[in-house]
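Next up, run_7.txt (compact mmCIF, C-alpha atoms):
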# COMPACT_ATOMS: atom_id res chain seq x y z
CA MET H 236 16.42 1.12 -65.26
CA ASN H 237 19.72 0.30 -63.54
CA GLU H 238 18.97 2.77 -60.84
CA THR H 239 15.65 1.13 -59.98
CA THR H 240 17.29 -2.28 -59.71
CA ASN H 241 19.88 -0.77 -57.43
CA GLN H 242 17.25 0.81 -55.29
CA GLN H 243 15.38 -2.45 -55.13
CA LEU H 244 18.55 -4.21 -54.01
CA ILE H 245 19.11 -1.69 -51.27
CA ARG H 246 15.56 -2.08 -50.10
CA LEU H 247 15.88 -5.83 -50.02
CA LYS H 248 19.09 -5.61 -48.04
CA GLU H 249 17.45 -3.35 -45.54
CA GLU H 250 14.52 -5.69 -45.28
CA ASN H 251 16.91 -8.57 -44.74
CA ARG H 252 18.72 -6.74 -41.96
CA ARG H 253 15.44 -5.92 -40.27
CA LEU H 254 14.28 -9.54 -40.40
CA GLU H 255 17.62 -10.77 -39.06
CA LYS H 256 17.32 -8.41 -36.16
CA GLN H 257 13.79 -9.57 -35.45
CA LEU H 258 14.91 -13.17 -35.52
CA GLU H 259 17.70 -12.39 -33.08
CA GLU H 260 15.28 -10.75 -30.71
CA LEU H 261 12.85 -13.64 -30.92
CA ASN H 262 15.68 -16.05 -30.21
CA LYS H 263 16.68 -14.09 -27.16
CA LYS H 264 13.12 -14.11 -25.88
CA LEU H 265 12.86 -17.86 -26.44
CA LEU H 266 16.01 -18.47 -24.44
CA GLU H 267 14.68 -16.31 -21.64
CA ALA H 268 11.38 -18.19 -21.66
CA GLU H 269 13.25 -21.48 -21.54
CA ALA H 270 15.32 -20.36 -18.54
CA PHE H 271 12.17 -19.11 -16.84
CA LYS H 272 10.45 -22.43 -17.37
CA SER H 273 13.21 -24.56 -15.86
CA HIS H 274 13.56 -22.18 -12.94
CA PHE H 275 9.82 -22.28 -12.42
CA ILE H 276 9.67 -26.06 -12.43
CA SER H 277 12.45 -26.43 -9.89
CA ASN H 278 10.78 -23.84 -7.66
CA VAL H 279 7.41 -25.49 -7.89
CA THR H 280 9.00 -28.81 -7.02
CA ASN H 281 10.47 -27.37 -3.84
CA GLU H 282 7.50 -25.38 -2.73
CA ILE H 283 4.63 -27.65 -3.62
CA VAL H 284 5.96 -31.18 -3.59
CA ASN H 285 7.63 -30.85 -0.19
CA PRO H 286 4.59 -29.64 1.76
CA PHE H 287 2.57 -32.38 0.06
CA ALA H 288 5.02 -35.00 1.23
CA SER H 289 4.74 -33.65 4.78
CA ILE H 290 0.96 -33.72 4.66
CA LEU H 291 0.94 -37.30 3.44
CA GLY H 292 3.41 -38.44 6.10
CA LEU H 293 1.65 -36.61 8.93
CA SER H 294 -1.80 -37.86 8.01
CA LYS H 295 -0.50 -41.40 7.80
CA SER H 296 0.80 -41.11 11.37
CA MET H 297 -2.61 -39.83 12.39
CA MET H 298 -4.34 -42.79 10.82
CA THR H 299 -2.30 -45.24 12.84
CA ALA H 300 -2.73 -43.38 16.15
CA GLU H 301 -4.15 -45.28 19.14
CA GLU H 302 -7.39 -44.24 20.78
CA HIS H 303 -5.73 -42.70 23.86
CA GLN H 304 -3.38 -40.49 21.79
CA LYS H 305 -5.77 -37.58 21.35
CA GLU H 306 -3.13 -34.97 22.17
CA GLU H 307 -0.73 -36.42 19.65
CA VAL H 308 -3.45 -36.45 16.99
CA CYS H 309 -4.31 -32.79 17.63
CA HIS H 310 -0.66 -31.86 17.33
CA LEU H 311 -0.36 -33.70 14.02
CA ALA H 312 -3.57 -32.09 12.73
CA GLY H 313 -2.10 -28.69 13.60
CA LEU H 314 1.03 -29.48 11.61
CA ILE H 315 -1.04 -30.65 8.66
CA TYR H 316 -3.11 -27.49 8.83
CA SER H 317 -0.04 -25.30 8.81
CA GLU H 318 1.56 -27.22 5.90
CA ALA H 319 -1.70 -27.04 3.96
CA SER H 320 -2.07 -23.30 4.57
CA PHE H 321 1.45 -22.75 3.34
CA LEU H 322 0.66 -24.79 0.26
CA ASP H 323 -2.55 -22.88 -0.30
CA PHE H 324 -0.67 -19.59 -0.12
CA GLN H 325 2.06 -20.81 -2.46
CA LEU H 326 -0.46 -22.04 -5.01
CA ASN H 327 -2.37 -18.80 -4.82
CA ASN H 328 0.86 -16.88 -5.41
CA THR H 329 1.90 -19.13 -8.26
CA PHE H 330 -1.45 -18.86 -10.05
CA THR H 331 -1.53 -15.13 -9.51
CA ALA H 332 1.98 -14.79 -10.93
CA ALA H 333 0.97 -16.87 -13.95
CA LYS H 334 -2.12 -14.73 -14.47
CA LEU H 335 -0.12 -11.52 -14.10
CA GLU H 336 2.34 -12.90 -16.63
CA ALA H 337 -0.50 -13.55 -19.07
CA GLY H 338 -2.11 -10.21 -18.36
CA GLU H 339 -5.28 -11.90 -17.17
CA VAL H 340 -5.75 -10.31 -13.80
CA PHE H 341 -8.95 -8.33 -13.42
CA VAL H 342 -10.06 -6.17 -10.58
CA GLU H 343 -13.22 -6.99 -8.65
CA VAL H 344 -14.17 -4.14 -6.42
CA SER H 345 -16.27 -4.55 -3.32
CA PRO H 346 -16.54 -2.78 0.03
CA VAL H 347 -13.76 -4.09 2.26
CA GLU H 348 -13.63 -3.62 6.02
CA LEU H 349 -9.95 -3.20 6.80
CA GLY H 350 -10.01 -4.40 10.41
CA GLN H 351 -11.67 -7.66 9.48
CA LEU H 352 -9.37 -8.16 6.51
CA MET H 353 -6.33 -7.68 8.74
CA GLU H 354 -7.65 -10.31 11.17
CA GLU H 355 -7.73 -12.83 8.34
CA VAL H 356 -4.29 -11.77 7.15
CA LEU H 357 -2.79 -12.12 10.62
CA GLU H 358 -4.40 -15.51 11.06
CA SER H 359 -2.80 -16.82 7.92
CA VAL H 360 0.69 -15.64 8.85
CA HIS H 361 0.26 -16.91 12.41
CA PRO H 362 2.00 -20.29 11.93
CA ASP H 363 5.13 -18.55 10.57
CA GLN H 364 4.98 -15.97 13.31
CA GLU H 365 4.73 -18.60 16.01
CA ARG H 366 7.49 -20.72 14.57
CA LYS H 367 9.89 -17.78 14.71
CA GLN H 368 8.42 -16.28 17.90
CA MET H 369 8.02 -12.90 16.26
CA ASN H 370 6.04 -9.91 17.46
CA ILE H 371 3.59 -8.42 15.03
CA ASN H 372 2.38 -4.90 15.77
CA PHE H 373 -0.57 -3.70 13.83
CA GLU H 374 -1.97 -0.21 13.69
CA LEU H 375 -4.99 1.03 11.74
CA LEU H 376 -5.41 4.79 11.32
CA PRO H 377 -8.03 6.09 11.94
CA GLU H 378 -9.28 3.36 14.26
CA SER H 379 -12.97 3.43 13.38
CA PRO H 380 -14.33 0.70 11.09
CA LEU H 381 -13.37 1.64 7.55
CA TYR H 382 -14.88 0.44 4.34
CA LEU H 383 -12.77 0.80 1.26
CA HIS H 384 -13.82 0.02 -2.24
CA THR H 385 -11.08 -2.16 -3.54
CA ASP H 386 -10.30 -5.71 -4.62
CA ARG H 387 -10.40 -7.71 -1.39
CA GLU H 388 -8.49 -10.83 -2.45
CA LYS H 389 -5.73 -8.85 -4.13
CA LEU H 390 -5.26 -6.56 -1.16
CA LYS H 391 -5.16 -9.61 1.10
CA LEU H 392 -2.51 -11.34 -1.00
CA ILE H 393 -0.41 -8.15 -1.05
CA LEU H 394 -0.55 -7.93 2.75
CA ILE H 395 0.18 -11.61 3.36
CA ASN H 396 3.14 -11.53 1.00
CA LEU H 397 4.65 -8.42 2.58
CA ILE H 398 4.20 -9.66 6.13
CA SER H 399 5.43 -13.21 5.55
CA ASN H 400 8.38 -11.70 3.74
CA GLY H 401 9.13 -9.57 6.79
CA ILE H 402 8.94 -12.64 9.01
CA LYS H 403 11.00 -14.74 6.65
CA PHE H 404 13.96 -12.38 6.53
CA SER H 405 14.09 -11.56 10.23
CA ASP H 406 15.82 -13.39 13.06
CA ASN H 407 13.75 -15.19 15.67
CA GLY H 408 12.13 -12.96 18.27
CA LYS H 409 12.26 -9.74 16.20
CA SER H 410 9.24 -7.58 15.31
CA VAL H 411 7.28 -6.71 12.21
CA ARG H 412 5.31 -3.48 12.32
CA ILE H 413 2.29 -2.99 10.08
CA THR H 414 0.56 0.36 9.66
CA LEU H 415 -2.52 0.96 7.54
CA LYS H 416 -3.22 4.63 7.07
CA VAL H 417 -6.36 5.77 5.31
CA SER H 418 -6.57 9.30 4.02
CA GLU H 419 -9.07 11.01 1.78
CA LYS H 420 -7.78 9.60 -1.47
CA ASN H 421 -5.50 6.71 -0.67
CA LEU H 422 -4.58 3.80 1.53
CA GLU H 423 -0.98 3.60 2.65
CA ILE H 424 0.35 0.29 3.86
CA GLN H 425 3.68 0.16 5.66
CA VAL H 426 5.33 -3.11 6.60
CA ALA H 427 8.58 -2.64 8.51
CA ASP H 428 10.82 -5.47 9.65
CA GLU H 429 14.02 -5.67 11.67
CA GLY H 430 15.48 -8.23 9.34
CA ILE H 431 18.66 -8.60 7.34
CA GLY H 432 17.91 -5.67 5.00
CA MET H 433 19.39 -5.10 1.58
CA ASP H 434 21.85 -2.80 -0.13
CA GLU H 435 20.83 -0.47 -2.96
CA LYS H 436 21.82 -2.92 -5.67
CA GLU H 437 19.60 -5.61 -4.25
CA VAL H 438 16.67 -3.25 -3.74
CA GLY H 439 16.60 -2.61 -7.47
CA LYS H 440 16.13 -6.29 -8.24
CA ILE H 441 13.74 -7.56 -5.61
CA PHE H 442 10.56 -7.13 -7.63
CA ASP H 443 11.90 -9.40 -10.35
CA ARG H 444 10.42 -12.85 -10.53
CA PHE H 445 12.16 -15.52 -8.48
CA HIS H 446 14.82 -13.18 -7.26
CA ARG H 447 16.15 -13.87 -3.78
CA ALA H 448 18.43 -11.25 -2.34
CA ASP H 449 20.97 -13.68 -1.01
CA LYS H 450 21.48 -17.19 -2.27
CA ARG H 451 22.68 -18.27 1.19
CA ILE H 452 19.26 -17.55 2.63
CA HIS H 453 17.59 -19.66 0.01
CA SER H 454 18.53 -22.85 1.74
CA LEU H 455 17.31 -21.64 5.13
CA ASN H 456 13.95 -20.16 4.17
CA PRO H 457 11.00 -21.52 2.31
CA GLY H 458 9.58 -19.49 -0.53
CA ASN H 459 9.93 -19.38 -4.26
CA GLY H 460 10.85 -15.74 -4.73
CA LEU H 461 7.50 -14.99 -6.31
CA GLY H 462 6.14 -12.99 -3.39
CA LEU H 463 7.43 -9.53 -4.20
CA ALA H 464 6.87 -9.93 -7.93
CA VAL H 465 3.26 -10.75 -7.10
CA VAL H 466 3.03 -7.75 -4.78
CA ASP H 467 4.45 -5.49 -7.46
CA GLY H 468 2.12 -6.88 -10.13
CA LEU H 469 -1.00 -6.66 -7.98
CA VAL H 470 -0.23 -3.16 -6.75
CA HIS H 471 0.03 -2.04 -10.35
CA VAL H 472 -3.21 -3.77 -11.26
CA LEU H 473 -4.82 -1.78 -8.46
CA ASP H 474 -3.24 1.39 -9.84
CA GLY H 475 -0.97 1.90 -6.86
CA SER H 476 2.74 2.10 -6.21
CA VAL H 477 5.20 0.23 -4.04
CA THR H 478 8.51 1.48 -2.70
CA VAL H 479 11.08 0.08 -0.32
CA LYS H 480 13.51 1.61 2.12
CA SER H 481 16.22 -0.68 3.30
CA SER H 482 19.77 -0.88 4.56
CA PRO H 483 21.81 -3.99 5.29
CA GLY H 484 21.45 -5.20 8.84
CA LYS H 485 18.83 -2.65 9.73
CA GLY H 486 15.74 -4.11 8.12
CA SER H 487 13.40 -3.11 5.34
CA THR H 488 10.23 -1.07 5.11
CA PHE H 489 7.82 -1.67 2.26
CA ILE H 490 5.39 1.12 1.49
CA VAL H 491 2.38 0.43 -0.70
CA SER H 492 0.08 3.23 -1.74
CA LEU H 493 -3.29 2.42 -3.28
CA PRO H 494 -5.30 5.30 -4.73
CA GLU H 495 -9.03 5.75 -4.99
CA SER H 496 -9.60 3.61 -1.93
CA LEU H 497 -12.51 5.68 -0.89
CA SER H 498 -14.37 5.33 2.33
CA GLU H 499 -18.11 5.27 1.98
CA SER H 500 -18.57 8.42 4.00
CA ASP H 501 -16.87 10.35 1.19
CA PHE H 502 -19.90 9.74 -0.96
CA PHE H 503 -22.68 9.98 1.53
CA ASP H 504 -21.57 13.04 3.41
CA GLU H 505 -24.13 14.99 5.40
CA ASP H 506 -23.77 18.12 3.32
CA GLY H 507 -23.76 16.13 0.12
CA LEU H 508 -26.55 15.20 -2.19
CA PHE H 509 -29.15 14.65 0.45
CA ALA H 510 -28.94 18.10 1.97
CA LYS H 511 -31.16 20.93 0.78
CA ASP H 512 -28.74 22.50 -1.53
CA GLU H 513 -29.22 24.93 -4.39
CA GLU H 514 -26.75 23.26 -6.70
CA GLN H 515 -28.55 19.98 -6.55
CA GLU H 516 -30.71 18.95 -9.49
CA PHE H 517 -33.32 16.22 -9.81
CA PHE H 518 -33.86 13.93 -12.78
CA MET Z 165 -36.50 9.77 1.17
CA ASN Z 166 -36.14 7.74 4.31
CA GLN Z 167 -32.49 6.74 4.25
CA GLY Z 168 -33.01 4.01 6.85
CA GLU Z 169 -34.61 1.48 4.48
CA TYR Z 170 -31.94 1.89 1.83
CA SER Z 171 -28.56 0.35 1.34
CA LYS Z 172 -25.79 2.38 -0.20
CA TYR Z 173 -23.49 1.40 -3.00
CA TYR Z 174 -20.55 3.30 -4.42
CA LEU Z 175 -20.18 2.34 -8.06
CA TYR Z 176 -16.58 2.09 -9.20
CA PRO Z 177 -15.55 3.10 -12.72
CA GLY Z 178 -15.79 0.16 -15.09
CA SER Z 179 -18.34 -1.75 -13.04
CA LEU Z 180 -22.10 -2.06 -12.81
CA PHE Z 181 -24.63 -2.78 -10.11
CA ALA Z 182 -28.31 -3.72 -9.91
CA ASP Z 183 -30.35 -5.27 -7.12
CA ARG Z 184 -33.93 -6.03 -6.10
CA GLN Z 185 -33.51 -4.13 -2.82
CA PRO Z 186 -33.75 -0.33 -2.65
CA TYR Z 187 -30.34 1.25 -3.03
CA TYR Z 188 -28.75 4.64 -3.31
CA ILE Z 189 -26.18 4.02 -5.99
CA THR Z 190 -23.68 6.81 -6.30
CA THR Z 191 -20.73 7.56 -8.50
CA LEU Z 192 -18.45 10.33 -9.77
CA LEU Z 193 -18.37 11.10 -13.47
CA GLY Z 194 -16.07 13.13 -15.70
CA SER Z 195 -15.82 12.02 -19.31
CA CYS Z 196 -17.21 8.68 -18.13
CA VAL Z 197 -20.89 7.97 -18.61
CA SER Z 198 -23.42 6.26 -16.37
CA VAL Z 199 -26.73 4.81 -17.49
CA CYS Z 200 -29.39 4.44 -14.79
CA LEU Z 201 -32.00 1.85 -15.76
CA TYR Z 202 -35.27 1.85 -13.86
CA ASP Z 203 -38.05 -0.72 -14.01
CA ARG Z 204 -41.36 1.12 -13.61
CA ARG Z 205 -43.28 -2.08 -12.93
CA GLN Z 206 -41.04 -3.66 -10.27
CA HIS Z 207 -39.62 -0.40 -8.88
CA ILE Z 208 -36.04 -1.61 -9.04
CA GLY Z 209 -33.00 -0.20 -10.77
CA GLY Z 210 -29.39 -0.60 -11.79
CA MET Z 211 -26.51 1.54 -12.96
CA ASN Z 212 -23.27 1.21 -14.90
CA HIS Z 213 -20.22 3.46 -15.19
CA PHE Z 214 -18.09 3.12 -18.28
CA LEU Z 215 -14.91 4.81 -19.39
CA LEU Z 216 -14.61 4.18 -23.12
CA PRO Z 217 -17.21 3.91 -25.87
CA MET Z 218 -16.44 0.64 -27.64
CA TRP Z 219 -14.83 -2.67 -26.83
CA ASN Z 220 -12.34 -3.38 -29.60
CA GLY Z 221 -12.78 -7.15 -29.39
CA LYS Z 222 -9.38 -7.67 -27.73
CA GLY Z 223 -8.92 -8.71 -24.12
CA LEU Z 224 -11.82 -9.06 -21.74
CA ALA Z 225 -15.24 -7.73 -22.72
CA SER Z 226 -15.35 -5.62 -19.60
CA PRO Z 227 -18.08 -3.18 -18.57
CA LYS Z 228 -15.53 -0.38 -18.78
CA TYR Z 229 -16.58 -0.18 -22.44
CA GLY Z 230 -19.91 1.44 -23.29
CA ASN Z 231 -21.32 -1.18 -25.62
CA ILE Z 232 -20.55 -3.96 -23.13
CA ALA Z 233 -21.70 -1.96 -20.09
CA VAL Z 234 -25.09 -1.14 -21.60
CA GLN Z 235 -25.67 -4.69 -22.79
CA GLN Z 236 -24.65 -6.22 -19.46
CA LEU Z 237 -26.81 -3.82 -17.47
CA VAL Z 238 -29.88 -4.64 -19.55
CA GLU Z 239 -29.10 -8.36 -19.17
CA ARG Z 240 -28.77 -7.92 -15.42
CA MET Z 241 -32.16 -6.20 -15.25
CA HIS Z 242 -33.68 -9.05 -17.25
CA GLN Z 243 -32.20 -11.49 -14.75
CA LEU Z 244 -33.99 -9.55 -12.03
CA GLY Z 245 -37.25 -10.11 -13.85
CA SER Z 246 -37.51 -6.84 -15.77
CA ARG Z 247 -39.16 -6.64 -19.18
CA THR Z 248 -37.73 -4.29 -21.77
CA PRO Z 249 -40.94 -2.23 -22.25
CA ASP Z 250 -40.96 -1.43 -18.51
CA LEU Z 251 -37.42 -0.04 -18.56
CA ILE Z 252 -36.57 3.63 -18.80
CA ALA Z 253 -33.08 5.13 -18.89
CA LYS Z 254 -31.42 8.24 -17.55
CA VAL Z 255 -27.96 9.14 -18.82
CA PHE Z 256 -25.27 11.23 -17.12
CA GLY Z 257 -21.67 12.30 -17.68
CA GLY Z 258 -19.60 12.61 -20.82
CA ALA Z 259 -18.05 15.92 -19.88
CA SER Z 260 -14.95 17.28 -21.57
CA VAL Z 261 -12.85 17.63 -18.47
CA LEU Z 262 -9.49 17.95 -20.15
CA GLU Z 263 -8.71 20.55 -22.76
CA SER Z 264 -6.75 18.18 -24.97
CA GLN Z 265 -9.39 15.52 -24.72
CA ASN Z 266 -11.91 18.08 -25.81
CA ASN Z 267 -10.08 18.66 -29.04
CA VAL Z 268 -8.67 15.31 -30.00
CA PHE Z 269 -10.59 12.38 -28.67
CA PHE Z 270 -14.10 13.60 -27.90
CA ILE Z 271 -14.35 10.68 -25.51
CA GLY Z 272 -17.24 12.24 -23.63
CA ASP Z 273 -19.24 12.83 -26.83
CA ARG Z 274 -18.54 9.36 -28.15
CA ASN Z 275 -19.54 7.82 -24.82
CA ILE Z 276 -22.92 9.53 -25.01
CA ARG Z 277 -23.51 8.68 -28.65
CA ILE Z 278 -22.93 4.96 -28.13
CA VAL Z 279 -25.54 4.98 -25.36
CA GLN Z 280 -28.13 6.71 -27.52
CA GLU Z 281 -27.54 4.33 -30.39
CA LEU Z 282 -27.67 1.19 -28.30
CA LEU Z 283 -30.54 2.07 -26.01
CA GLU Z 284 -32.95 3.87 -28.28
CA LYS Z 285 -32.19 2.46 -31.72
CA GLU Z 286 -31.27 -1.15 -30.93
CA MET Z 287 -32.95 -1.98 -27.65
CA HIS Z 288 -35.87 0.43 -27.78
CA ILE Z 289 -35.37 1.65 -24.23
CA LYS Z 290 -36.33 5.28 -23.90
CA ILE Z 291 -33.92 7.85 -22.46
CA VAL Z 292 -36.33 9.94 -20.39
CA ALA Z 293 -33.78 12.30 -18.86
CA SER Z 294 -30.14 13.14 -19.24
CA SER Z 295 -27.45 15.54 -18.18
CA THR Z 296 -24.43 15.18 -20.40
CA GLY Z 297 -21.53 17.13 -21.86
CA GLY Z 298 -20.22 20.40 -20.56
CA ASN Z 299 -16.84 20.60 -18.89
CA LEU Z 300 -17.66 19.90 -15.27
CA GLY Z 301 -17.60 16.55 -13.49
CA ARG Z 302 -20.75 15.24 -11.86
CA LYS Z 303 -21.68 13.40 -8.72
CA ILE Z 304 -24.92 11.46 -9.02
CA VAL Z 305 -27.07 9.40 -6.69
CA PHE Z 306 -29.66 7.01 -8.11
CA ASP Z 307 -32.60 6.09 -5.91
CA THR Z 308 -33.48 2.64 -7.25
CA LEU Z 309 -36.88 2.53 -5.53
CA THR Z 310 -38.29 5.72 -7.03
CA GLY Z 311 -36.07 6.03 -10.09
CA GLU Z 312 -35.07 9.53 -9.13
CA VAL Z 313 -31.51 10.68 -9.78
CA ARG Z 314 -29.91 13.58 -7.95
CA GLN Z 315 -26.99 15.36 -9.48
CA LYS Z 316 -24.44 17.85 -8.31
CA TYR Z 317 -21.68 19.41 -10.42
CA LEU Z 318 -18.12 19.08 -9.18
CA GLY Z 319 -15.60 21.87 -9.16
CA ASN Z 320 -12.97 19.87 -11.01
CA GLY Z 321 -13.47 17.16 -13.56
CA LYS Z 322 -12.86 13.60 -12.44
CA THR Z 323 -12.49 10.12 -13.94

Any chance you could put this one into structure tokens?
Amino acid sequence: MNETTNQQLIRLKEENRRLEKQLEELNKKLLEAEAFKSHFISNVTNEIVNPFASILGLSKSMMTAEEHQKEEVCHLAGLIYSEASFLDFQLNNTFTAAKLEAGEVFVEVSPVELGQLMEEVLESVHPDQERKQMNINFELLPESPLYLHTDREKLKLILINLISNGIKFSDNGKSVRITLKVSEKNLEIQVADEGIGMDEKEVGKIFDRFHRADKRIHSLNPGNGLGLAVVDGLVHVLDGSVTVKSSPGKGSTFIVSLPESLSESDFFDEDGLFAKDEEQEFF
Amino acid sequence: MNQGEYSKYYLYPGSLFADRQPYYITTLLGSCVSVCLYDRRQHIGGMNHFLLPMWNGKGLASPKYGNIAVQQLVERMHQLGSRTPDLIAKVFGGASVLESQNNVFFIGDRNIRIVQELLEKEMHIKIVASSTGGNLGRKIVFDTLTGEVRQKYLGNGKT
């Protein structure tokens, strides 16, 4: 009888310890979530409220323009456009990050023509590029029009994030080199900049949310530190991998590899199902 | 087959496709299963490609699960004006491409069984032809105008 009571006591103690540990862990997670939230709010304030203020101010100037000031009005409209595009990109990144966080990102596959996609990508990074007078070199291998079956919007967001990152962390007048290489079973994207680069310790942290390699740069460059976390998340959703080579002062190269990005010709090859072929069966 | 009048569509695992226009829909199958639905009255067709037999009710009811994929494909055909009695089905895939899978999970077998149960028992859509099981992957092309499906075995199992 005594023994059973003892055993029961031991069991209860163990149970107690387990629950305490659980509580501790939950507490830790709550604190983390709290820190994340305040960080998020301050980031959103910077990255969304500021462009909005610019847009409001600029459009007000436009409204009060005289009839002969067409040139001035065009200039202002250009500035508004560029602020609005930046805002659009930031919002897209923020929502994507939130969806990734909640595990609610789903892949929609469609045929994507890479050349055309790159044109759109380059157009959206153009304001940044012009502001910093950067060169962007773009190479697509092989050169012929290529259709891949992948998620267009996700691939686009990955590319824009990598390229604007390259621009952001480079000095004026430097170059960013983009190579898209399509092989039988994957698409390899390389984005190389001549920017400030990172040491090994920093490289390990860059895919964390809101991480910026150097706090000093934070004040000089726009961005909320979501970009690479979004890239990392999206690449994983698309079943790919992302790596980075970097050294301080010498720039960084981001390499994204996406599998199963198959060109249509792989499935409609001349010697394939439509050829007279003994192995082929009809149903 | 005059390829000129057709469009081509590569069906990705976990998705489905159906259209009023004539298509060659193609896909690669290992333990995954594809159902080709053909409307004999309208001469149109659609295909799915699913990976797992049943949706467990958690997360998104995505067509990567057999029960969802079959249901959504039939719904899609209805949207295109098909009536259930005009529909016939052809079923492909469900191979045991991995040794361990063969012994433990029987994913291929379960994928095929869910299709038979749903189509024939619940929806009363007849499976008129099938090529399932075995341990080789398959490459299939569905001609949605004629309803014909061409199949070729692959050397190594896929998806």

Could you please determine the separation between atom CA of Ala288 of chain H and atom CA of Asn328 of chain H in Å, to one decimal place? 19.7 Å

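Distances from Z:Leu193, Z:Ala225, Z:Ile252, Z:Val238 to Arg205 of chain Z were compared using only C-alpha atoms, and the smallest one belongs to Z:Ile252.
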
I'd like the contact shell of Thr488 of chain H - 8 Å cut-off, all atoms listed in the file, skipping same-chain residues fewer than 2 positions apart - returned as a ChimeraX atom specification. /H:425-428,479-481,486,490

Output as a PDB file with C-alpha atoms, keeping the file's coordinate frame the set of chain H residues within 6 Å of chain Z, with distances taken over all atoms listed in the file.
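Once everything was written out, this is selection-v3.pdb:
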ATOM      1  CA  GLN H 515     -28.550  19.980  -6.550  1.00  0.00           C
ATOM      2  CA  GLU H 516     -30.710  18.950  -9.490  1.00  0.00           C
ATOM      3  CA  PHE H 517     -33.320  16.220  -9.810  1.00  0.00           C
ATOM      4  CA  PHE H 518     -33.860  13.930 -12.780  1.00  0.00           C
TER       5      PHE H 518
END

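Computed from the coordinates, the atom CA of Arg240 of chain Z to atom CA of Pro346 of chain H distance equals 20.4 Å.
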
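Using all atoms listed in the file, the smallest distance between any of Z:Tyr229, Z:Tyr187, Z:Trp219, Z:Tyr202 and Ile291 of chain Z comes from Z:Tyr202.
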
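Going from atom CA of Leu215 of chain Z over to atom CA of Leu392 of chain H, you cover 27.4 Å.
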
Spatial neighbours of Val279 of chain Z, 7 Å, only C-alpha atoms, chain gap at least 4 places, as a PyMOL selection string: chain Z and resi 230+275+283

For Met211 of chain Z, list every protein, DNA or RNA residue within 8 Å, evaluated using all atoms listed in the file, and leave out those in the same chain fewer than 4 positions away; present the list as a PyMOL selection string. chain Z and resi 180-182+189+198-201+237+306

Can you work out which one of Z:Gln185, Z:Gln206, Z:Thr296, Z:Thr308 has the shortest atom-to-atom distance to Thr248 of chain Z, counting all atoms listed in the file? Z:Gln206

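The shortest atom-to-atom distance to Leu244 of chain Z, with all atoms listed in the file taken into account, belongs to Z:Asp183 out of Z:His213, Z:Asp183, Z:Lys290, Z:Asn220.
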
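In this comparison, which uses all atoms listed in the file, the residue of H:Thr299, H:Gln304, H:Ser410, H:Thr239 approaching Asn370 of chain H most closely is H:Ser410.
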
Please complete segment 332-343 of chain H with N, CA and C atoms and give it back as an mmCIF file, in the frame of the given file.
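rebuild_39.cif was written with the following content:
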data_model
loop_
_atom_site.group_PDB
_atom_site.id
_atom_site.type_symbol
_atom_site.label_atom_id
_atom_site.label_comp_id
_atom_site.auth_asym_id
_atom_site.auth_seq_id
_atom_site.Cartn_x
_atom_site.Cartn_y
_atom_site.Cartn_z
ATOM 1 N N ALA H 332 0.821 -15.181 -10.117
ATOM 2 C CA ALA H 332 1.980 -14.790 -10.930
ATOM 3 C C ALA H 332 1.762 -15.185 -12.381
ATOM 4 N N ALA H 333 1.204 -16.398 -12.582
ATOM 5 C CA ALA H 333 0.970 -16.870 -13.950
ATOM 6 C C ALA H 333 -0.061 -15.973 -14.639
ATOM 7 N N LYS H 334 -1.099 -15.594 -13.888
ATOM 8 C CA LYS H 334 -2.120 -14.730 -14.470
ATOM 9 C C LYS H 334 -1.565 -13.344 -14.768
ATOM 10 N N LEU H 335 -0.740 -12.835 -13.871
ATOM 11 C CA LEU H 335 -0.120 -11.520 -14.100
ATOM 12 C C LEU H 335 0.728 -11.579 -15.364
ATOM 13 N N GLU H 336 1.463 -12.691 -15.472
ATOM 14 C CA GLU H 336 2.340 -12.900 -16.630
ATOM 15 C C GLU H 336 1.528 -12.852 -17.924
ATOM 16 N N ALA H 337 0.332 -13.467 -17.872
ATOM 17 C CA ALA H 337 -0.500 -13.550 -19.070
ATOM 18 C C ALA H 337 -1.388 -12.317 -19.238
ATOM 19 N N GLY H 338 -1.285 -11.401 -18.300
ATOM 20 C CA GLY H 338 -2.110 -10.210 -18.360
ATOM 21 C C GLY H 338 -3.593 -10.500 -18.167
ATOM 22 N N GLU H 339 -3.885 -11.502 -17.341
ATOM 23 C CA GLU H 339 -5.280 -11.900 -17.170
ATOM 24 C C GLU H 339 -5.808 -11.645 -15.767
ATOM 25 N N VAL H 340 -5.281 -10.616 -15.144
ATOM 26 C CA VAL H 340 -5.750 -10.310 -13.800
ATOM 27 C C VAL H 340 -6.741 -9.158 -13.873
ATOM 28 N N PHE H 341 -7.939 -9.374 -13.360
ATOM 29 C CA PHE H 341 -8.950 -8.330 -13.420
ATOM 30 C C PHE H 341 -9.390 -7.946 -12.016
ATOM 31 N N VAL H 342 -9.740 -6.702 -11.897
ATOM 32 C CA VAL H 342 -10.060 -6.170 -10.580
ATOM 33 C C VAL H 342 -11.545 -6.345 -10.281
ATOM 34 N N GLU H 343 -11.828 -6.888 -9.092
ATOM 35 C CA GLU H 343 -13.220 -6.990 -8.650
ATOM 36 C C GLU H 343 -13.367 -6.141 -7.397
#
